[in-house]
Amino acid sequence: MIHSLFLVNASGDIFLEKHWKSVVSRSVCDYFFEALERATEPENVPPVIPTPHHYLINVLRHRIYFVAVIQSEVPPLFVIEFLHRVVDTFQDYFGVCTEAAIKDNVVVVYELLEEMLDNGFPLATESNILKELIKPPTILRTVVNTITGSTNVGEQLPTGQLSVVPWRRTGVKYTNNEAYFDVVEEIDAIIDKSGSTITAEIQGVVDACVKLTGMPDLTLSFMNPRLLDDVSFHPCVRFKRWEAERILSFIPPDGNFRLLSYHVSSQNLVAIPVYVKHNISFREGSSQGRFELTLGPKQTMGKAVESVLVSSQLPRGVLNANLNASQGTYTFDPVTKLLSWDVGKINPQKLPSLKGSVSLQTGASKPDENPTINIQFKIQQLAISGLKVNRLDMYGEKYKPFKGIKYMTKAGKFQVRT
């Protein structure tokens with residue numbers, strides 16, 4: 001299936017390669033580099049690139065391209081899911097998945113890749129199994145391995161490998177038993193000039209951090225589960241019970257994992273949490289243009305809109321921007337023509353505004369179209385879809401765990417057209 005894996009950094013250099021079935025020359029990546037040059041944005045590289053003798057399947061995570069080389073036809077999503085598992089495993093082991101972290105732990109990286117694929121086919125991709133096979137690196141373990149010449153590979157086979165619950169190891173013990181769940185929603189929207197919603201959808205995930213003794217059996221129910229479309233579950237979830245009762249029943253993995261991801265696409269269910277009043281105008285034959293922006297919250301259930309960042313790609317004919325921000329700071333890059341305004345937290349009593357003029361090149365014609373405005377923001381303790389956890393129950397163990405649930409909404413691709 002997967003013959004080779006190449007890791008390519010933001011500069012376009014291959015900094016790590018791993019081969020399973022046979023050694024594939026680095027020159028196969030030339031097709032990937034050609035596609036990278038043609039792409040307008042780094043994330044616009046086609047995920048599947050056919051070549052005369054191979055297929056290149058890639059994902060971009062943390063500014064690193066993970067490029068898998070396959071020779072026969074394979075379902076592309078199968079390979080893409082495996083590549084995401086590789087990234088998640090690196091993140092779990094090293095805390096971050098960066099070029100520096102991978103180079104610093106190159107021995108562990110090769111050990112992990114050797115265990116995750118057997119002759120090109122996925123074998124052990126569950127974090128709990130891998131951590132029993134290959135111990136996560138620590139400073140002390142690294143020093144001992146350097147002195148003794150030993151490796152991080154465990155001496156015993158993992159207990160979960162042959163179990164019906166392969167994602168959870170046996171004999172887990174904690175003094176404090178805790179289960180935390182984060183409901184994180186990302187809203188993608190396009191708002192037209194008049195403030196009407198052209199398109200809006202929500203991508204949501206429920207991330208869990210479960211540290212419970214023994215083999216607990218959990219059930220999680222929602223107030224309004226019918227909101228969720230296109231739901232994708234962790235393998236631990238009993239799907240038949242979800243289909244019948246809309247209740248999540250599962251034996252959780254130990255530690256951090258993604259319980260489910262979902263999609264809310266019906267526009268009448270998607271509330272737009274911020275609004276923008278704008279007046280951007282350029283006059284024909286004039287070297288000056290008007291730029292006015294005001295931001296405000298709406299439909300946020302009284303929760304504060306934080307970490308607001310506004311950016312806009314101004315027309316090529318703009319030389320400079322002379323603006324006054326009532327809150328936060330703005331920057332304008334005269335080379336790239338990118339205007340950025342770091343607003344921070346929106347105060348509903350005193351709405352932030354950015355007003356002033358922009359200078360155009362003398363004799364330049366009026367820009368064909370007004371710039372679009374991209375907005376980033378976060379809202380704590382709010383799931384914008386209205387999704388709410390009803391209750392979390394535990395069976396199979398006698399102790400009472402501490403339970404916590406947190407909600408967060410953030411902007412994905414949130415664009416306002418002017």
# chains A, B, ... in the order shown; residues from 1 in each chain; ligands from 1
>>> residues_around(residues="region 206-208 of chain A", least_positions_apart="4", cutoff="7 Å", atoms="only C-alpha atoms", output="NGL selection string")
:A and (180-184 or 256-261)
>>> residues_around(residues="Val389 (chain A)", least_positions_apart="4", cutoff="7 Å", atoms="only C-alpha atoms", output="list in words")
Ser221, Phe222 and Met223 of chain A
>>> write_last_selection(atoms="N, CA, C and O atoms", output="compact mmCIF listing (two decimals), in the first residue's frame")
# COMPACT_ATOMS: atom_id res chain seq x y z
N SER A 221 -24.84 12.20 26.86
CA SER A 221 -26.05 12.55 26.10
C SER A 221 -26.11 14.06 25.89
O SER A 221 -25.61 14.83 26.71
N PHE A 222 -26.72 14.47 24.80
CA PHE A 222 -26.86 15.88 24.44
C PHE A 222 -28.31 16.32 24.60
O PHE A 222 -29.24 15.52 24.50
N MET A 223 -28.49 17.62 24.86
CA MET A 223 -29.85 18.19 24.94
C MET A 223 -30.55 18.11 23.58
O MET A 223 -31.74 17.87 23.49
>>> atom_distance(atom1="CA of Ile191 (chain A)", atom2="CA of Val318 (chain A)")
24.1 Å
>>> residues_around(residues="Phe66 (chain A)", least_positions_apart="6", cutoff="10 Å", atoms="only C-alpha atoms", output="mmCIF file with N, CA, C and O atoms, in the first residue's frame")
data_model
loop_
_atom_site.group_PDB
_atom_site.id
_atom_site.type_symbol
_atom_site.label_atom_id
_atom_site.label_comp_id
_atom_site.auth_asym_id
_atom_site.auth_seq_id
_atom_site.Cartn_x
_atom_site.Cartn_y
_atom_site.Cartn_z
ATOM 1 N N LEU A 5 7.272 7.553 2.676
ATOM 2 C CA LEU A 5 6.731 8.786 3.253
ATOM 3 C C LEU A 5 7.834 9.836 3.239
ATOM 4 O O LEU A 5 8.958 9.581 3.686
ATOM 5 N N PHE A 6 7.512 11.019 2.701
ATOM 6 C CA PHE A 6 8.461 12.136 2.682
ATOM 7 C C PHE A 6 7.857 13.285 3.481
ATOM 8 O O PHE A 6 6.663 13.575 3.343
ATOM 9 N N LEU A 7 8.686 13.931 4.310
ATOM 10 C CA LEU A 7 8.260 15.107 5.062
ATOM 11 C C LEU A 7 8.933 16.322 4.451
ATOM 12 O O LEU A 7 10.171 16.369 4.351
ATOM 13 N N VAL A 8 8.114 17.297 4.021
ATOM 14 C CA VAL A 8 8.610 18.481 3.313
ATOM 15 C C VAL A 8 8.276 19.711 4.143
ATOM 16 O O VAL A 8 7.128 19.897 4.553
ATOM 17 N N ASN A 9 9.280 20.573 4.394
ATOM 18 C CA ASN A 9 9.039 21.771 5.214
ATOM 19 C C ASN A 9 8.526 22.930 4.358
ATOM 20 O O ASN A 9 8.359 22.812 3.145
ATOM 21 N N ILE A 14 13.036 18.414 1.621
ATOM 22 C CA ILE A 14 12.690 17.121 2.228
ATOM 23 C C ILE A 14 13.629 16.919 3.420
ATOM 24 O O ILE A 14 14.849 16.806 3.242
ATOM 25 N N LEU A 16 12.946 14.538 6.001
ATOM 26 C CA LEU A 16 12.896 13.173 6.534
ATOM 27 C C LEU A 16 12.196 12.288 5.523
ATOM 28 O O LEU A 16 11.240 12.707 4.871
ATOM 29 N N GLU A 17 12.678 11.069 5.369
ATOM 30 C CA GLU A 17 12.020 10.108 4.489
ATOM 31 C C GLU A 17 12.045 8.727 5.134
ATOM 32 O O GLU A 17 12.955 8.394 5.881
ATOM 33 N N LEU A 56 0.890 10.384 -5.447
ATOM 34 C CA LEU A 56 1.371 11.110 -4.272
ATOM 35 C C LEU A 56 0.147 11.648 -3.525
ATOM 36 O O LEU A 56 -0.649 12.398 -4.090
ATOM 37 N N ILE A 57 0.002 11.234 -2.272
ATOM 38 C CA ILE A 57 -1.121 11.690 -1.440
ATOM 39 C C ILE A 57 -0.533 12.484 -0.284
ATOM 40 O O ILE A 57 0.362 11.995 0.419
ATOM 41 N N ASN A 58 -1.018 13.728 -0.097
ATOM 42 C CA ASN A 58 -0.379 14.586 0.890
ATOM 43 C C ASN A 58 -1.396 15.284 1.786
ATOM 44 O O ASN A 58 -2.538 15.500 1.392
ATOM 45 N N VAL A 59 -0.930 15.633 2.987
ATOM 46 C CA VAL A 59 -1.692 16.510 3.887
ATOM 47 C C VAL A 59 -0.736 17.588 4.401
ATOM 48 O O VAL A 59 0.477 17.363 4.488
ATOM 49 N N LEU A 60 -1.290 18.763 4.715
ATOM 50 C CA LEU A 60 -0.500 19.867 5.265
ATOM 51 C C LEU A 60 -0.931 20.081 6.703
ATOM 52 O O LEU A 60 -2.079 20.396 6.969
ATOM 53 N N ILE A 80 -5.058 9.372 3.651
ATOM 54 C CA ILE A 80 -5.129 10.690 4.295
ATOM 55 C C ILE A 80 -5.383 10.539 5.797
ATOM 56 O O ILE A 80 -4.754 11.201 6.625
ATOM 57 N N LEU A 83 -2.195 9.476 7.472
ATOM 58 C CA LEU A 83 -1.236 10.587 7.612
ATOM 59 C C LEU A 83 -1.636 11.501 8.778
ATOM 60 O O LEU A 83 -0.776 11.960 9.537
ATOM 61 N N HIS A 84 -2.947 11.739 8.941
ATOM 62 C CA HIS A 84 -3.389 12.544 10.089
ATOM 63 C C HIS A 84 -3.087 11.823 11.401
ATOM 64 O O HIS A 84 -2.736 12.453 12.400
ATOM 65 N N VAL A 86 -0.554 9.881 11.920
ATOM 66 C CA VAL A 86 0.895 10.047 12.135
ATOM 67 C C VAL A 86 1.167 11.395 12.804
ATOM 68 O O VAL A 86 1.902 11.481 13.793
ATOM 69 N N VAL A 87 0.536 12.459 12.284
ATOM 70 C CA VAL A 87 0.738 13.798 12.855
ATOM 71 C C VAL A 87 0.244 13.841 14.300
ATOM 72 O O VAL A 87 0.928 14.364 15.185
#
>>> select_by_dssp(residues="region 251-287 of chain A", states="strand (DSSP E)", output="VMD selection string")
chain A and resid 255 to 264 274 to 282
>>> closest_residue(among="A:Ala35, A:Leu354, A:Val264, A:Ile346", to="Thr294 (chain A)", atoms="only C-alpha atoms")
A:Leu354
>>> closest_atom_pairs(of="region 201-234 of chain A", to="region 373-384 of chain A", cutoff="12 Å", atoms="only C-alpha atoms", output="Markdown table")
| residue | atom | partner | partner_atom | distance |
| --- | --- | --- | --- | --- |
| A:Glu201 | CA | A:Ile384 | CA | 10.6 |
| A:Ile202 | CA | A:Ile384 | CA | 8.4 |
| A:Gln203 | CA | A:Ile384 | CA | 10.6 |
| A:Gly204 | CA | A:Ala383 | CA | 8.9 |
| A:Val205 | CA | A:Ala383 | CA | 10.6 |
| A:Val206 | CA | A:Ala383 | CA | 11.0 |
| A:Leu227 | CA | A:Ile384 | CA | 11.5 |
>>> closest_residue(among="A:Lys18, A:Lys103, A:Lys240, A:Arg61", to="Arg85 (chain A)", atoms="only C-alpha atoms")
A:Arg61
>>> select_by_dssp(residues="region 48-293 of chain A", states="helix (DSSP H, G or I)", output="number ranges by chain")
A: 76-94, 99-104, 106-116, 127-133, 139-148, 225-227, 239-245, 267-269
>>> atom_distance(atom1="CA of Ile247 (chain A)", atom2="CA of Ile272 (chain A)")
28.2 Å
>>> atom_distance(atom1="CA of Asp342 (chain A)", atom2="CA of Glu306 (chain A)")
10.6 Å
>>> residues_around(residues="region 110-119 of chain A", least_positions_apart="4", cutoff="6 Å", atoms="only C-alpha atoms", output="ChimeraX atom specification")
/A:20-21,123-125
